[in-house]
Amino acid sequence: MEELRLVRPSIGHKRQYQEMMDEWESFGGRLNPGALRRYSHRQQKNVTYEEWLEWIEADRKAGQNLYFFMQGTAILGAISIRRRCEEVDGHSGYGIRPSERRKGYAAKMLSMALPIMKGYGINPVIITCAKDNIGSAKTIQRNGGIYIKDAADGDGEIVEIYHIPV
């Protein structure tokens with residue numbers, strides 16, 4: 001089995017990204033992390049991959065880094081790391097593409113991102129998940145997450161807030 005790794009998106013990932021996004025969009029549901037979005041509300045269309053890479057670069061300059069979670073050439077999911085955060089948003093958002101869920105990948109991806117966050121001086125790492133997202137709560141707990149409290153996010157959705165000491 002090929003090694004799992006976190007990599008920054010590049011032009012070389014264009015086909016794999018498009019395939020993952022087609023799968024995710026046909027599956028429906030919430031896209032996590034939000035940085036994966038390719039739909040521009042302002043333009044009322046999907047942007048090109050090259051335009052999306054520009055968004056990711058602007059996000060990086062603003063303090064948010066996106067990493068693809070890969071095995072071989074396949075993108076299994078993605079994780080974003082925010083150096084600064086609002087408590088209800090957390091320092092990180094992550095997601096696994098629908099066909100690769102329930103295989104332990106989210107927990108592995110988060111465990112690989114924790115040293116990066118520690119390197120940014122983030123401690124504790126604040127991670128949130130929707131109150132009804134049992135899988136994400138288990139992922140956070142498997143990585144040492146300590147439940148802190150429930151809170152309402154900007155959309156009024158109840159989220160669980162966890163701290164992970166790193």
# chains A, B, ... in the order shown; residues from 1 in each chain; ligands from 1
call {"tool": "residues_around", "arguments": {"residues": "Lys61 of chain A", "least_positions_apart": "6", "cutoff": "12 Å", "atoms": "only C-alpha atoms", "output": "PyMOL selection string"}}
result
chain A and resi 54-55+82-83
call {"tool": "residues_around", "arguments": {"residues": "Asn46 of chain A", "least_positions_apart": "6", "cutoff": "12 Å", "atoms": "only C-alpha atoms", "output": "ChimeraX atom specification"}}
result
/A:18,21-22,25,36-40,52
call {"tool": "closest_residue", "arguments": {"among": "A:Ile148, A:Leu110, A:Leu6, A:Ala130", "to": "Gly95 of chain A", "atoms": "only C-alpha atoms"}}
result
A:Leu110
call {"tool": "closest_residue", "arguments": {"among": "A:Glu51, A:Glu3, A:Asp132, A:Glu100", "to": "Met70 of chain A", "atoms": "only C-alpha atoms"}}
result
A:Glu3
call {"tool": "closest_residue", "arguments": {"among": "A:Ser26, A:Thr139, A:Ala62, A:Tyr147", "to": "Ala106 of chain A", "atoms": "only C-alpha atoms"}}
result
A:Thr139
call {"tool": "select_by_dssp", "arguments": {"residues": "chain A", "states": "alpha helix (DSSP H)", "output": "PyMOL selection string"}}
result
chain A and resi 14-27+49-61+105-119+134-142
call {"tool": "closest_residue", "arguments": {"among": "A:Pro9, A:Pro115, A:Gly29, A:Gly104", "to": "Leu66 of chain A", "atoms": "only C-alpha atoms"}}
result
A:Pro9
call {"tool": "atom_distance", "arguments": {"atom1": "atom CA of Ile158 of chain A", "atom2": "atom CA of Ala78 of chain A"}}
result
23.1 Å
call {"tool": "closest_residue", "arguments": {"among": "A:Lys14, A:Arg8, A:His41, A:Arg142", "to": "Lys108 of chain A", "atoms": "only C-alpha atoms"}}
result
A:Arg142
call {"tool": "select_by_dssp", "arguments": {"residues": "segment 3-165 of chain A", "states": "strand (DSSP E or B)", "output": "PyMOL selection string"}}
result
chain A and resi 4-7+39-40+45-46+64-71+74-82+92-96+125-130+146-152+158-164
